[in-house]
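Reproduced below: entry-v7.txt, with compact mmCIF, C-alpha atoms and all ligand atoms.
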# COMPACT_ATOMS: atom_id res chain seq x y z
CA MET A 23 49.69 -56.28 -24.61
CA ALA A 24 48.31 -52.85 -25.48
CA ALA A 25 46.93 -50.59 -22.75
CA ILE A 26 43.27 -50.77 -21.80
CA LEU A 27 41.34 -47.81 -23.21
CA LEU A 28 37.84 -48.75 -22.09
CA ASP A 29 37.15 -51.07 -19.18
CA VAL A 30 33.58 -52.32 -18.77
CA GLY A 31 32.79 -54.34 -15.65
CA HIS A 32 29.56 -56.20 -14.88
CA VAL A 33 27.29 -53.74 -16.64
CA THR A 34 23.58 -54.49 -16.36
CA LYS A 35 20.53 -52.63 -17.67
CA ARG A 36 16.90 -53.53 -17.05
CA PHE A 37 13.77 -52.15 -18.65
CA GLY A 38 11.18 -53.09 -16.04
CA ALA A 39 11.56 -56.83 -15.48
CA PHE A 40 13.37 -57.30 -18.79
CA VAL A 41 17.18 -57.48 -18.60
CA ALA A 42 18.47 -55.92 -21.85
CA VAL A 43 22.17 -56.02 -20.87
CA ASN A 44 23.14 -58.66 -18.34
CA ASP A 45 26.42 -58.59 -16.41
CA VAL A 46 28.58 -57.64 -19.39
CA THR A 47 32.36 -57.41 -18.80
CA PHE A 48 34.98 -56.68 -21.45
CA ASP A 49 37.72 -54.22 -22.34
CA VAL A 50 38.87 -52.33 -25.39
CA ARG A 51 42.61 -52.15 -26.00
CA GLU A 52 44.48 -49.23 -27.49
CA GLY A 53 44.80 -49.58 -31.28
CA GLU A 54 42.43 -52.49 -31.85
CA VAL A 55 39.20 -52.99 -33.76
CA LEU A 56 36.74 -54.81 -31.53
CA GLY A 57 33.63 -56.23 -33.17
CA ILE A 58 30.34 -56.69 -31.33
CA ALA A 59 27.82 -58.97 -32.99
CA GLY A 60 24.57 -60.59 -31.94
CA PRO A 61 21.03 -61.19 -33.13
CA ASN A 62 18.51 -58.33 -33.20
CA GLY A 63 17.46 -57.36 -29.69
CA SER A 64 20.54 -58.88 -28.05
CA GLY A 65 21.42 -55.59 -26.33
CA LYS A 66 24.11 -54.17 -28.63
CA SER A 67 22.72 -50.64 -28.99
CA THR A 68 21.69 -50.55 -25.34
CA LEU A 69 25.28 -51.39 -24.42
CA PHE A 70 26.55 -48.45 -26.54
CA ASN A 71 23.96 -46.21 -24.90
CA ILE A 72 25.17 -47.20 -21.45
CA LEU A 73 28.81 -46.63 -22.39
CA THR A 74 28.10 -43.18 -23.79
CA GLY A 75 25.95 -41.99 -20.88
CA ILE A 76 22.61 -41.88 -22.66
CA PRO A 77 20.33 -40.61 -19.89
CA PHE A 78 18.60 -43.87 -18.99
CA GLY A 79 21.91 -44.96 -17.43
CA ARG A 80 22.67 -48.41 -16.13
CA ASP A 81 21.50 -50.40 -13.14
CA ALA A 82 24.86 -51.89 -12.19
CA GLY A 83 28.47 -52.00 -13.28
CA GLU A 84 31.59 -49.91 -13.64
CA ILE A 85 32.89 -48.12 -16.74
CA HIS A 86 36.38 -46.63 -16.96
CA PHE A 87 37.67 -44.77 -19.98
CA ARG A 88 41.39 -43.94 -20.07
CA GLY A 89 41.58 -44.77 -16.39
CA GLN A 90 38.75 -42.44 -15.39
CA SER A 91 35.37 -43.56 -14.09
CA VAL A 92 32.78 -42.32 -16.62
CA GLY A 93 29.72 -44.20 -15.40
CA ARG A 94 28.14 -41.06 -13.96
CA LEU A 95 29.13 -38.59 -16.65
CA LYS A 96 26.76 -37.01 -19.13
CA PRO A 97 26.98 -37.85 -22.85
CA PHE A 98 28.72 -34.58 -23.77
CA GLU A 99 31.27 -35.04 -20.98
CA ILE A 100 32.10 -38.54 -22.22
CA ALA A 101 32.40 -37.29 -25.82
CA ARG A 102 34.77 -34.54 -24.67
CA LEU A 103 37.00 -37.17 -23.09
CA GLY A 104 37.33 -38.72 -26.56
CA LEU A 105 34.76 -41.52 -26.57
CA VAL A 106 32.61 -40.74 -29.60
CA ARG A 107 29.87 -42.88 -31.14
CA THR A 108 27.55 -42.96 -34.11
CA PHE A 109 23.92 -44.06 -34.08
CA GLN A 110 22.18 -46.93 -35.81
CA LYS A 111 19.41 -44.65 -37.07
CA ASP A 112 20.16 -41.67 -39.33
CA SER A 113 21.43 -38.87 -37.17
CA ASP A 114 22.45 -36.33 -39.79
CA PHE A 115 20.86 -32.91 -40.13
CA LYS A 116 19.13 -33.39 -43.46
CA THR A 117 18.59 -29.73 -44.31
CA LEU A 118 22.20 -28.78 -43.62
CA SER A 119 25.03 -29.21 -46.09
CA ALA A 120 27.54 -32.04 -45.82
CA PHE A 121 30.13 -29.57 -44.56
CA GLU A 122 27.78 -28.05 -41.97
CA ASN A 123 26.96 -31.52 -40.68
CA VAL A 124 30.60 -32.24 -40.03
CA MET A 125 31.08 -28.79 -38.47
CA MET A 126 28.44 -29.84 -35.91
CA GLY A 127 30.90 -32.43 -34.65
CA THR A 128 33.40 -29.74 -33.66
CA TRP A 129 31.40 -28.79 -30.56
CA CYS A 130 33.47 -31.21 -28.51
CA CYS A 131 36.84 -29.89 -29.77
CA GLY A 132 37.03 -27.29 -26.98
CA PRO A 133 37.77 -23.59 -27.50
CA ILE A 134 39.14 -23.30 -31.03
CA SER A 135 38.58 -20.69 -33.73
CA ALA A 136 36.04 -20.95 -36.54
CA SER A 137 38.82 -21.33 -39.06
CA GLN A 138 40.41 -24.17 -37.06
CA LYS A 139 36.97 -25.84 -36.98
CA ARG A 140 36.67 -25.53 -40.74
CA ASP A 141 40.13 -27.04 -41.19
CA LEU A 142 39.23 -29.96 -38.92
CA ALA A 143 35.96 -30.51 -40.79
CA SER A 144 37.76 -30.50 -44.16
CA ALA A 145 40.36 -32.94 -42.85
CA ALA A 146 37.67 -35.27 -41.48
CA LEU A 147 35.78 -35.23 -44.79
CA ASP A 148 39.00 -36.01 -46.59
CA LYS A 149 39.71 -38.95 -44.22
CA VAL A 150 36.38 -40.58 -45.07
CA GLY A 151 36.87 -40.02 -48.80
CA PHE A 152 34.15 -37.40 -49.22
CA ALA A 153 35.03 -35.34 -52.32
CA LEU A 154 35.68 -31.66 -51.62
CA GLU A 155 33.52 -30.47 -54.52
CA ARG A 156 30.48 -32.17 -52.96
CA ILE A 157 30.66 -30.71 -49.45
CA HIS A 158 28.02 -28.06 -50.15
CA LEU A 159 25.35 -30.59 -51.15
CA THR A 160 22.39 -30.91 -48.80
CA ALA A 161 22.76 -34.00 -46.59
CA GLY A 162 19.18 -35.13 -47.22
CA ASP A 163 19.92 -35.40 -50.95
CA LEU A 164 22.94 -37.67 -50.49
CA SER A 165 23.05 -41.45 -50.82
CA VAL A 166 22.83 -43.66 -47.73
CA PHE A 167 26.54 -44.40 -47.98
CA ASP A 168 27.51 -40.73 -48.29
CA ARG A 169 25.41 -39.94 -45.22
CA LYS A 170 27.17 -42.74 -43.32
CA ARG A 171 30.48 -41.22 -44.33
CA LEU A 172 29.31 -37.84 -43.04
CA MET A 173 28.29 -39.45 -39.76
CA ILE A 174 31.76 -40.98 -39.41
CA ALA A 175 33.42 -37.69 -40.41
CA SER A 176 31.36 -35.84 -37.76
CA ALA A 177 32.63 -38.30 -35.18
CA LEU A 178 36.23 -38.04 -36.38
CA VAL A 179 36.36 -34.27 -36.41
CA SER A 180 37.24 -34.04 -32.70
CA SER A 181 40.05 -36.64 -33.04
CA PRO A 182 38.50 -39.15 -30.62
CA HIS A 183 40.51 -41.75 -28.74
CA LEU A 184 37.78 -44.31 -29.36
CA LEU A 185 35.25 -44.42 -32.17
CA MET A 186 32.17 -46.60 -31.63
CA LEU A 187 30.00 -47.37 -34.67
CA ASP A 188 26.49 -48.85 -34.35
CA GLU A 189 25.66 -50.96 -37.44
CA PRO A 190 27.41 -48.70 -39.97
CA ALA A 191 26.81 -51.22 -42.79
CA SER A 192 23.01 -51.31 -42.55
CA GLY A 193 21.36 -50.25 -45.79
CA LEU A 194 24.58 -50.48 -47.80
CA THR A 195 25.18 -52.49 -50.96
CA LYS A 196 27.94 -55.10 -51.12
CA PRO A 197 30.45 -52.78 -52.91
CA GLU A 198 29.65 -50.04 -50.38
CA ILE A 199 30.26 -52.46 -47.50
CA ASP A 200 33.63 -53.27 -49.08
CA ALA A 201 34.42 -49.54 -49.24
CA LEU A 202 33.35 -49.16 -45.60
CA ARG A 203 35.61 -52.08 -44.66
CA ASP A 204 38.56 -50.37 -46.39
CA LEU A 205 37.77 -47.09 -44.63
CA LEU A 206 37.65 -48.76 -41.20
CA LEU A 207 40.92 -50.59 -41.89
CA GLU A 208 42.55 -47.31 -42.99
CA LEU A 209 41.34 -45.43 -39.92
CA ASN A 210 42.59 -48.22 -37.70
CA ALA A 211 45.96 -48.32 -39.51
CA SER A 212 46.29 -44.59 -38.79
CA GLY A 213 46.05 -45.42 -35.07
CA LEU A 214 42.35 -45.08 -34.27
CA THR A 215 40.78 -47.57 -31.85
CA ILE A 216 37.35 -48.70 -33.07
CA VAL A 217 34.44 -50.66 -31.63
CA VAL A 218 31.98 -51.68 -34.31
CA ILE A 219 28.57 -53.26 -33.83
CA GLU A 220 27.21 -55.29 -36.72
CA HIS A 221 24.25 -57.62 -36.92
CA VAL A 222 25.85 -59.40 -39.89
CA LEU A 223 29.22 -61.05 -39.45
CA PRO A 224 31.26 -60.74 -42.70
CA LEU A 225 32.25 -57.07 -42.21
CA LEU A 226 33.28 -57.79 -38.64
CA MET A 227 35.31 -60.81 -39.70
CA ALA A 228 37.21 -58.57 -42.14
CA VAL A 229 37.99 -55.72 -39.74
CA ALA A 230 37.92 -56.96 -36.14
CA GLN A 231 40.90 -58.35 -34.28
CA ARG A 232 38.62 -59.51 -31.48
CA LEU A 233 34.94 -60.33 -31.52
CA ILE A 234 32.24 -60.36 -28.85
CA VAL A 235 28.89 -62.03 -29.50
CA LEU A 236 25.95 -60.94 -27.39
CA ASN A 237 22.78 -62.95 -27.00
CA GLU A 238 19.81 -61.99 -24.82
CA GLY A 239 21.93 -59.33 -23.12
CA ARG A 240 24.81 -61.62 -22.18
CA ILE A 241 28.22 -62.23 -23.69
CA LEU A 242 27.93 -65.61 -25.35
CA SER A 243 31.48 -65.82 -26.63
CA GLN A 244 34.49 -63.52 -27.06
CA GLY A 245 38.00 -63.64 -28.41
CA ASP A 246 39.62 -64.46 -31.74
CA PRO A 247 36.92 -63.87 -34.41
CA GLN A 248 37.59 -67.16 -36.21
CA ALA A 249 37.22 -69.10 -32.97
CA VAL A 250 34.13 -67.15 -31.89
CA VAL A 251 32.19 -67.82 -35.10
CA ARG A 252 32.92 -71.52 -34.75
CA ASP A 253 31.66 -71.56 -31.17
CA GLU A 254 28.66 -73.93 -30.94
CA ARG A 255 26.75 -71.44 -28.76
CA VAL A 256 27.20 -68.70 -31.35
CA ILE A 257 26.13 -70.95 -34.22
CA SER A 258 22.96 -71.99 -32.42
CA ALA A 259 22.10 -68.40 -31.36
CA TYR A 260 22.35 -67.27 -34.97
CA LEU A 261 20.54 -70.25 -36.47
CA GLY A 262 17.93 -70.29 -33.73
CA GLY A 263 17.43 -66.49 -33.62
P1 LIG A 301 20.19 -54.62 -30.56
O1 LIG A 301 20.86 -53.31 -30.76
O2 LIG A 301 21.13 -55.73 -30.22
O3 LIG A 301 19.31 -55.01 -31.70
P2 LIG A 301 18.84 -53.22 -28.41
O4 LIG A 301 19.94 -52.90 -27.48
O5 LIG A 301 18.33 -52.13 -29.27
O6 LIG A 301 19.24 -54.49 -29.29
O7 LIG A 301 17.62 -53.78 -27.59
C1 LIG A 301 17.77 -54.84 -26.67
C2 LIG A 301 16.42 -55.14 -26.04
O8 LIG A 301 16.06 -54.08 -25.15
C3 LIG A 301 15.29 -55.26 -27.05
O9 LIG A 301 14.43 -56.30 -26.64
C4 LIG A 301 14.62 -53.92 -26.99
O10 LIG A 301 13.26 -54.03 -27.31
C5 LIG A 301 14.80 -53.54 -25.52
N1 LIG A 301 14.89 -52.08 -25.35
C6 LIG A 301 15.83 -51.25 -25.89
N2 LIG A 301 15.63 -49.99 -25.51
C7 LIG A 301 14.51 -50.00 -24.71
C8 LIG A 301 13.79 -48.98 -23.98
N3 LIG A 301 14.19 -47.70 -24.00
N4 LIG A 301 12.72 -49.38 -23.27
C9 LIG A 301 12.33 -50.69 -23.22
N5 LIG A 301 12.97 -51.69 -23.87
C10 LIG A 301 14.04 -51.36 -24.60
MG MG A 302 20.88 -52.05 -32.33
Kindly transcribe the structure held in the file into structure tokens.
Amino acid sequence: MAAILLDVGHVTKRFGAFVAVNDVTFDVREGEVLGIAGPNGSGKSTLFNILTGIPFGRDAGEIHFRGQSVGRLKPFEIARLGLVRTFQKDSDFKTLSAFENVMMGTWCCGPISASQKRDLASAALDKVGFALERIHLTAGDLSVFDRKRLMIASALVSSPHLLMLDEPASGLTKPEIDALRDLLLELNASGLTIVVIEHVLPLLMAVAQRLIVLNEGRILSQGDPQAVVRDERVISAYLGG
């Protein structure tokens, strides 16, 4: 079995009396695509926030990335170790060009020259299929799907060990979701480990080798995606929620 890249043990997060993430334990293995699904409000984004050191932190639990405890590190320190995520909401700089947006992602590459940064940004744009002749367009004028591709390129620019995507398919049309699926499969085939959150299941079923379903902050079911979606508890959480 592949090595464990990210090891999450008994992570819990409360907002007041409300438990948003409740005793969640799982791991991410080198080279896999792990899907995380669950109804709205089930704690998916909060889980990503905890894993990437977003300042509100966690109330309990241990997080190890590449063998190192990261539970007390700051977001930029975690990103520098190679755990990079995207956000559910738009996080691009709308007045900057596509190229400048991706250049922003090079901050966690360490001390490299401006020309090396430009090369990395060009390579990342190429990886996500963003045409070179369009890189000077203003991000705010691009389509939703192009902006998603920029977001992924910005995350890829520092060659992360683990890429975590929070609902990358939201707002996309069916053909765009198919293109996103192909992109994720290509990135994974090139060796990238990916964790992808989706509220809707079909994209996850097409890309994930393992699936976790969260409900009310807890892991309801995890394992082989085909088995997980047939799990009675998962069916009733989706139909009931
Ligand atoms: P998901 O991404 O699965 O839709 P979230 O992780 O965003 O769910 O939210 C899980 C629950 O935690 C929701 O009920 C949400 O309202 C609550 N929540 C998230 N962030 C905060 C916060 N900063 N303060 C209070 N409640 C929050
Ligand atoms: Mg969310």
Worksheet item: Taking (29.3, -39.9, -28.4) in the file's coordinates as the center, which residues reach within 9 Å of it, counting only C-alpha atoms, put as a PyMOL selection string?
Response: chain A and resi 71+74-75+97-98+100-102+104-109+177+185-186
Write the residues of the preceding selection, restricted to C-alpha atoms, as a short mmCIF file (atom, residue, chain, number, x, y, z; two decimals), keeping the file's coordinate frame.
data_model
loop_
_atom_site.label_atom_id
_atom_site.label_comp_id
_atom_site.auth_asym_id
_atom_site.auth_seq_id
_atom_site.Cartn_x
_atom_site.Cartn_y
_atom_site.Cartn_z
CA ASN A 71 23.96 -46.21 -24.90
CA THR A 74 28.10 -43.18 -23.79
CA GLY A 75 25.95 -41.99 -20.88
CA PRO A 97 26.98 -37.85 -22.85
CA PHE A 98 28.72 -34.58 -23.77
CA ILE A 100 32.10 -38.54 -22.22
CA ALA A 101 32.40 -37.29 -25.82
CA ARG A 102 34.77 -34.54 -24.67
CA GLY A 104 37.33 -38.72 -26.56
CA LEU A 105 34.76 -41.52 -26.57
CA VAL A 106 32.61 -40.74 -29.60
CA ARG A 107 29.87 -42.88 -31.14
CA THR A 108 27.55 -42.96 -34.11
CA PHE A 109 23.92 -44.06 -34.08
CA ALA A 177 32.63 -38.30 -35.18
CA LEU A 185 35.25 -44.42 -32.17
CA MET A 186 32.17 -46.60 -31.63
#
Practice prompt. Give the answer as one residue: which of A:Leu242, A:Ala42, A:Leu27, A:Ala59 has the shortest atom-to-atom distance to A:Leu214, using all atoms listed in the file?
Written response: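 Of all the options, A:Leu27 lies closest to A:Leu214.
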Using only C-alpha atoms and all ligand atoms, I'd like a table of the residues in chain A that come within 12 Å of ligand MG 302 (chain A); for each, show the closest atom pair and its distance in Å rounded to one decimal, ordered by chain and ascending number, as a Markdown table.
| residue | atom | partner | partner_atom | distance |
| --- | --- | --- | --- | --- |
| A:Ala42 | CA | A:MG302 | MG | 11.4 |
| A:Ile58 | CA | A:MG302 | MG | 10.6 |
| A:Ala59 | CA | A:MG302 | MG | 9.8 |
| A:Gly60 | CA | A:MG302 | MG | 9.3 |
| A:Pro61 | CA | A:MG302 | MG | 9.2 |
| A:Asn62 | CA | A:MG302 | MG | 6.8 |
| A:Gly63 | CA | A:MG302 | MG | 6.8 |
| A:Ser64 | CA | A:MG302 | MG | 8.1 |
| A:Gly65 | CA | A:MG302 | MG | 7.0 |
| A:Lys66 | CA | A:MG302 | MG | 5.3 |
| A:Ser67 | CA | A:MG302 | MG | 4.1 |
| A:Thr68 | CA | A:MG302 | MG | 7.2 |
| A:Leu69 | CA | A:MG302 | MG | 9.1 |
| A:Phe70 | CA | A:MG302 | MG | 8.9 |
| A:Asn71 | CA | A:MG302 | MG | 9.9 |
| A:Thr108 | CA | A:MG302 | MG | 11.4 |
| A:Phe109 | CA | A:MG302 | MG | 8.7 |
| A:Gln110 | CA | A:MG302 | MG | 6.3 |
| A:Lys111 | CA | A:MG302 | MG | 8.9 |
| A:Leu187 | CA | A:MG302 | MG | 10.5 |
| A:Asp188 | CA | A:MG302 | MG | 6.8 |
| A:Glu189 | CA | A:MG302 | MG | 7.1 |
| A:Pro190 | CA | A:MG302 | MG | 10.6 |
| A:Ser192 | CA | A:MG302 | MG | 10.5 |
| A:Val218 | CA | A:MG302 | MG | 11.3 |
| A:Ile219 | CA | A:MG302 | MG | 7.9 |
| A:Glu220 | CA | A:MG302 | MG | 8.4 |
| A:His221 | CA | A:MG302 | MG | 8.0 |
| A:Val222 | CA | A:MG302 | MG | 11.7 |
| A:Leu236 | CA | A:MG302 | MG | 11.4 |
| A:Gly239 | CA | A:MG302 | MG | 11.8 |
Expected file: the selected residues, C-alpha atoms, as a CSV table (one decimal), in the coordinates of the input:
chain,number,residue,atom,x,y,z
A,42,ALA,CA,18.5,-55.9,-21.8
A,58,ILE,CA,30.3,-56.7,-31.3
A,59,ALA,CA,27.8,-59.0,-33.0
A,60,GLY,CA,24.6,-60.6,-31.9
A,61,PRO,CA,21.0,-61.2,-33.1
A,62,ASN,CA,18.5,-58.3,-33.2
A,63,GLY,CA,17.5,-57.4,-29.7
A,64,SER,CA,20.5,-58.9,-28.0
A,65,GLY,CA,21.4,-55.6,-26.3
A,66,LYS,CA,24.1,-54.2,-28.6
A,67,SER,CA,22.7,-50.6,-29.0
A,68,THR,CA,21.7,-50.6,-25.3
A,69,LEU,CA,25.3,-51.4,-24.4
A,70,PHE,CA,26.6,-48.4,-26.5
A,71,ASN,CA,24.0,-46.2,-24.9
A,108,THR,CA,27.6,-43.0,-34.1
A,109,PHE,CA,23.9,-44.1,-34.1
A,110,GLN,CA,22.2,-46.9,-35.8
A,111,LYS,CA,19.4,-44.6,-37.1
A,187,LEU,CA,30.0,-47.4,-34.7
A,188,ASP,CA,26.5,-48.8,-34.4
A,189,GLU,CA,25.7,-51.0,-37.4
A,190,PRO,CA,27.4,-48.7,-40.0
A,192,SER,CA,23.0,-51.3,-42.6
A,218,VAL,CA,32.0,-51.7,-34.3
A,219,ILE,CA,28.6,-53.3,-33.8
A,220,GLU,CA,27.2,-55.3,-36.7
A,221,HIS,CA,24.2,-57.6,-36.9
A,222,VAL,CA,25.8,-59.4,-39.9
A,236,LEU,CA,26.0,-60.9,-27.4
A,239,GLY,CA,21.9,-59.3,-23.1
Padded axis-aligned box of ligand LIG 301 (chain A) (8 Å per side), centre and edge lengths, Å, one decimal, as lines of an AutoDock Vina configuration file:
center_x = 16.7
center_y = -52.0
center_z = -27.5
size_x = 24.8
size_y = 24.6
size_z = 24.5
Item to complete: Enter the distance from atom O9 of ligand LIG 301 (chain A) to atom CA of A:Glu254, in Å, rounded to one decimal.
Response: 23.1 Å
Item to complete: Kindly indicate which residue among A:Ala230, A:Ala39, A:Ala25, A:Leu56 lies nearest to ligand LIG 301 (chain A), using all atoms listed in the file for the distances.
Response: A:Ala39
Fill in: atom CA of A:Phe115 to atom CA of A:Thr160, straight-line distance in Å
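Separation of atom CA of A:Thr160 and atom CA of A:Phe115: 9.0 Å.
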Worksheet item: Taking all atoms listed in the file into account, which of A:Val55, A:Val124, A:Val92, A:Ala24 comes nearest A:Leu209?
Response: A:Val55
Quick one: residues within 12 Å of (33.0, -72.5, -30.2) (file frame), counting only C-alpha atoms, please, as a PDB file with C-alpha atoms, in the coordinates of the input.
ATOM      1  CA  VAL A 235      28.890 -62.030 -29.500  1.00  0.00           C
ATOM      2  CA  LEU A 242      27.930 -65.610 -25.350  1.00  0.00           C
ATOM      3  CA  SER A 243      31.480 -65.820 -26.630  1.00  0.00           C
ATOM      4  CA  GLN A 244      34.490 -63.520 -27.060  1.00  0.00           C
ATOM      5  CA  GLY A 245      38.000 -63.640 -28.410  1.00  0.00           C
ATOM      6  CA  ASP A 246      39.620 -64.460 -31.740  1.00  0.00           C
ATOM      7  CA  PRO A 247      36.920 -63.870 -34.410  1.00  0.00           C
ATOM      8  CA  GLN A 248      37.590 -67.160 -36.210  1.00  0.00           C
ATOM      9  CA  ALA A 249      37.220 -69.100 -32.970  1.00  0.00           C
ATOM     10  CA  VAL A 250      34.130 -67.150 -31.890  1.00  0.00           C
ATOM     11  CA  VAL A 251      32.190 -67.820 -35.100  1.00  0.00           C
ATOM     12  CA  ARG A 252      32.920 -71.520 -34.750  1.00  0.00           C
ATOM     13  CA  ASP A 253      31.660 -71.560 -31.170  1.00  0.00           C
ATOM     14  CA  GLU A 254      28.660 -73.930 -30.940  1.00  0.00           C
ATOM     15  CA  ARG A 255      26.750 -71.440 -28.760  1.00  0.00           C
ATOM     16  CA  VAL A 256      27.200 -68.700 -31.350  1.00  0.00           C
ATOM     17  CA  ILE A 257      26.130 -70.950 -34.220  1.00  0.00           C
ATOM     18  CA  SER A 258      22.960 -71.990 -32.420  1.00  0.00           C
ATOM     19  CA  ALA A 259      22.100 -68.400 -31.360  1.00  0.00           C
TER      20      ALA A 259
END
Since fewer atoms than expected are present, regenerate N, CA and C atoms for stretch 81-105 of chain A and write them as an mmCIF file, in the frame of the given file.
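Listed below is the output, out.cif:
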data_model
loop_
_atom_site.group_PDB
_atom_site.id
_atom_site.type_symbol
_atom_site.label_atom_id
_atom_site.label_comp_id
_atom_site.auth_asym_id
_atom_site.auth_seq_id
_atom_site.Cartn_x
_atom_site.Cartn_y
_atom_site.Cartn_z
ATOM 1 N N ASP A 81 21.925 -50.002 -14.473
ATOM 2 C CA ASP A 81 21.500 -50.400 -13.140
ATOM 3 C C ASP A 81 22.656 -50.886 -12.292
ATOM 4 N N ALA A 82 23.708 -51.401 -12.937
ATOM 5 C CA ALA A 82 24.860 -51.890 -12.190
ATOM 6 C C ALA A 82 26.067 -51.877 -13.099
ATOM 7 N N GLY A 83 27.247 -51.891 -12.490
ATOM 8 C CA GLY A 83 28.470 -52.000 -13.280
ATOM 9 C C GLY A 83 29.351 -50.781 -13.220
ATOM 10 N N GLU A 84 30.585 -50.976 -13.659
ATOM 11 C CA GLU A 84 31.590 -49.910 -13.640
ATOM 12 C C GLU A 84 32.108 -49.698 -15.052
ATOM 13 N N ILE A 85 32.327 -48.432 -15.420
ATOM 14 C CA ILE A 85 32.890 -48.120 -16.740
ATOM 15 C C ILE A 85 34.040 -47.136 -16.547
ATOM 16 N N HIS A 86 35.224 -47.536 -17.013
ATOM 17 C CA HIS A 86 36.380 -46.630 -16.960
ATOM 18 C C HIS A 86 36.878 -46.396 -18.380
ATOM 19 N N PHE A 87 37.114 -45.128 -18.677
ATOM 20 C CA PHE A 87 37.670 -44.770 -19.980
ATOM 21 C C PHE A 87 38.966 -44.016 -19.723
ATOM 22 N N ARG A 88 40.058 -44.518 -20.289
ATOM 23 C CA ARG A 88 41.390 -43.940 -20.070
ATOM 24 C C ARG A 88 41.657 -43.750 -18.588
ATOM 25 N N GLY A 89 41.275 -44.765 -17.812
ATOM 26 C CA GLY A 89 41.580 -44.770 -16.390
ATOM 27 C C GLY A 89 40.613 -43.979 -15.525
ATOM 28 N N GLN A 90 39.671 -43.287 -16.155
ATOM 29 C CA GLN A 90 38.750 -42.440 -15.390
ATOM 30 C C GLN A 90 37.360 -43.072 -15.359
ATOM 31 N N SER A 91 36.727 -43.038 -14.178
ATOM 32 C CA SER A 91 35.370 -43.560 -14.090
ATOM 33 C C SER A 91 34.414 -42.633 -14.842
ATOM 34 N N VAL A 92 33.672 -43.179 -15.815
ATOM 35 C CA VAL A 92 32.780 -42.320 -16.620
ATOM 36 C C VAL A 92 31.319 -42.703 -16.445
ATOM 37 N N GLY A 93 31.068 -43.652 -15.554
ATOM 38 C CA GLY A 93 29.720 -44.200 -15.400
ATOM 39 C C GLY A 93 28.683 -43.189 -14.973
ATOM 40 N N ARG A 94 29.116 -42.069 -14.383
ATOM 41 C CA ARG A 94 28.140 -41.060 -13.960
ATOM 42 C C ARG A 94 28.209 -39.781 -14.774
ATOM 43 N N LEU A 95 28.994 -39.800 -15.831
ATOM 44 C CA LEU A 95 29.130 -38.590 -16.650
ATOM 45 C C LEU A 95 27.994 -38.479 -17.659
ATOM 46 N N LYS A 96 27.789 -37.258 -18.110
ATOM 47 C CA LYS A 96 26.760 -37.010 -19.130
ATOM 48 C C LYS A 96 27.352 -37.285 -20.518
ATOM 49 N N PRO A 97 26.473 -37.540 -21.512
ATOM 50 C CA PRO A 97 26.980 -37.850 -22.850
ATOM 51 C C PRO A 97 28.013 -36.853 -23.375
ATOM 52 N N PHE A 98 27.768 -35.550 -23.192
ATOM 53 C CA PHE A 98 28.720 -34.580 -23.770
ATOM 54 C C PHE A 98 30.058 -34.624 -23.036
ATOM 55 N N GLU A 99 30.013 -34.966 -21.738
ATOM 56 C CA GLU A 99 31.270 -35.040 -20.980
ATOM 57 C C GLU A 99 32.104 -36.239 -21.459
ATOM 58 N N ILE A 100 31.412 -37.329 -21.739
ATOM 59 C CA ILE A 100 32.100 -38.540 -22.220
ATOM 60 C C ILE A 100 32.681 -38.280 -23.613
ATOM 61 N N ALA A 101 31.912 -37.610 -24.468
ATOM 62 C CA ALA A 101 32.400 -37.290 -25.820
ATOM 63 C C ALA A 101 33.636 -36.397 -25.734
ATOM 64 N N ARG A 102 33.610 -35.443 -24.807
ATOM 65 C CA ARG A 102 34.770 -34.540 -24.670
ATOM 66 C C ARG A 102 36.015 -35.264 -24.214
ATOM 67 N N LEU A 103 35.826 -36.379 -23.508
ATOM 68 C CA LEU A 103 37.000 -37.170 -23.090
ATOM 69 C C LEU A 103 37.550 -37.989 -24.261
ATOM 70 N N GLY A 104 36.812 -38.036 -25.378
ATOM 71 C CA GLY A 104 37.330 -38.720 -26.560
ATOM 72 C C GLY A 104 36.683 -40.058 -26.841
ATOM 73 N N LEU A 105 35.512 -40.300 -26.229
ATOM 74 C CA LEU A 105 34.760 -41.520 -26.570
ATOM 75 C C LEU A 105 33.547 -41.061 -27.383
#
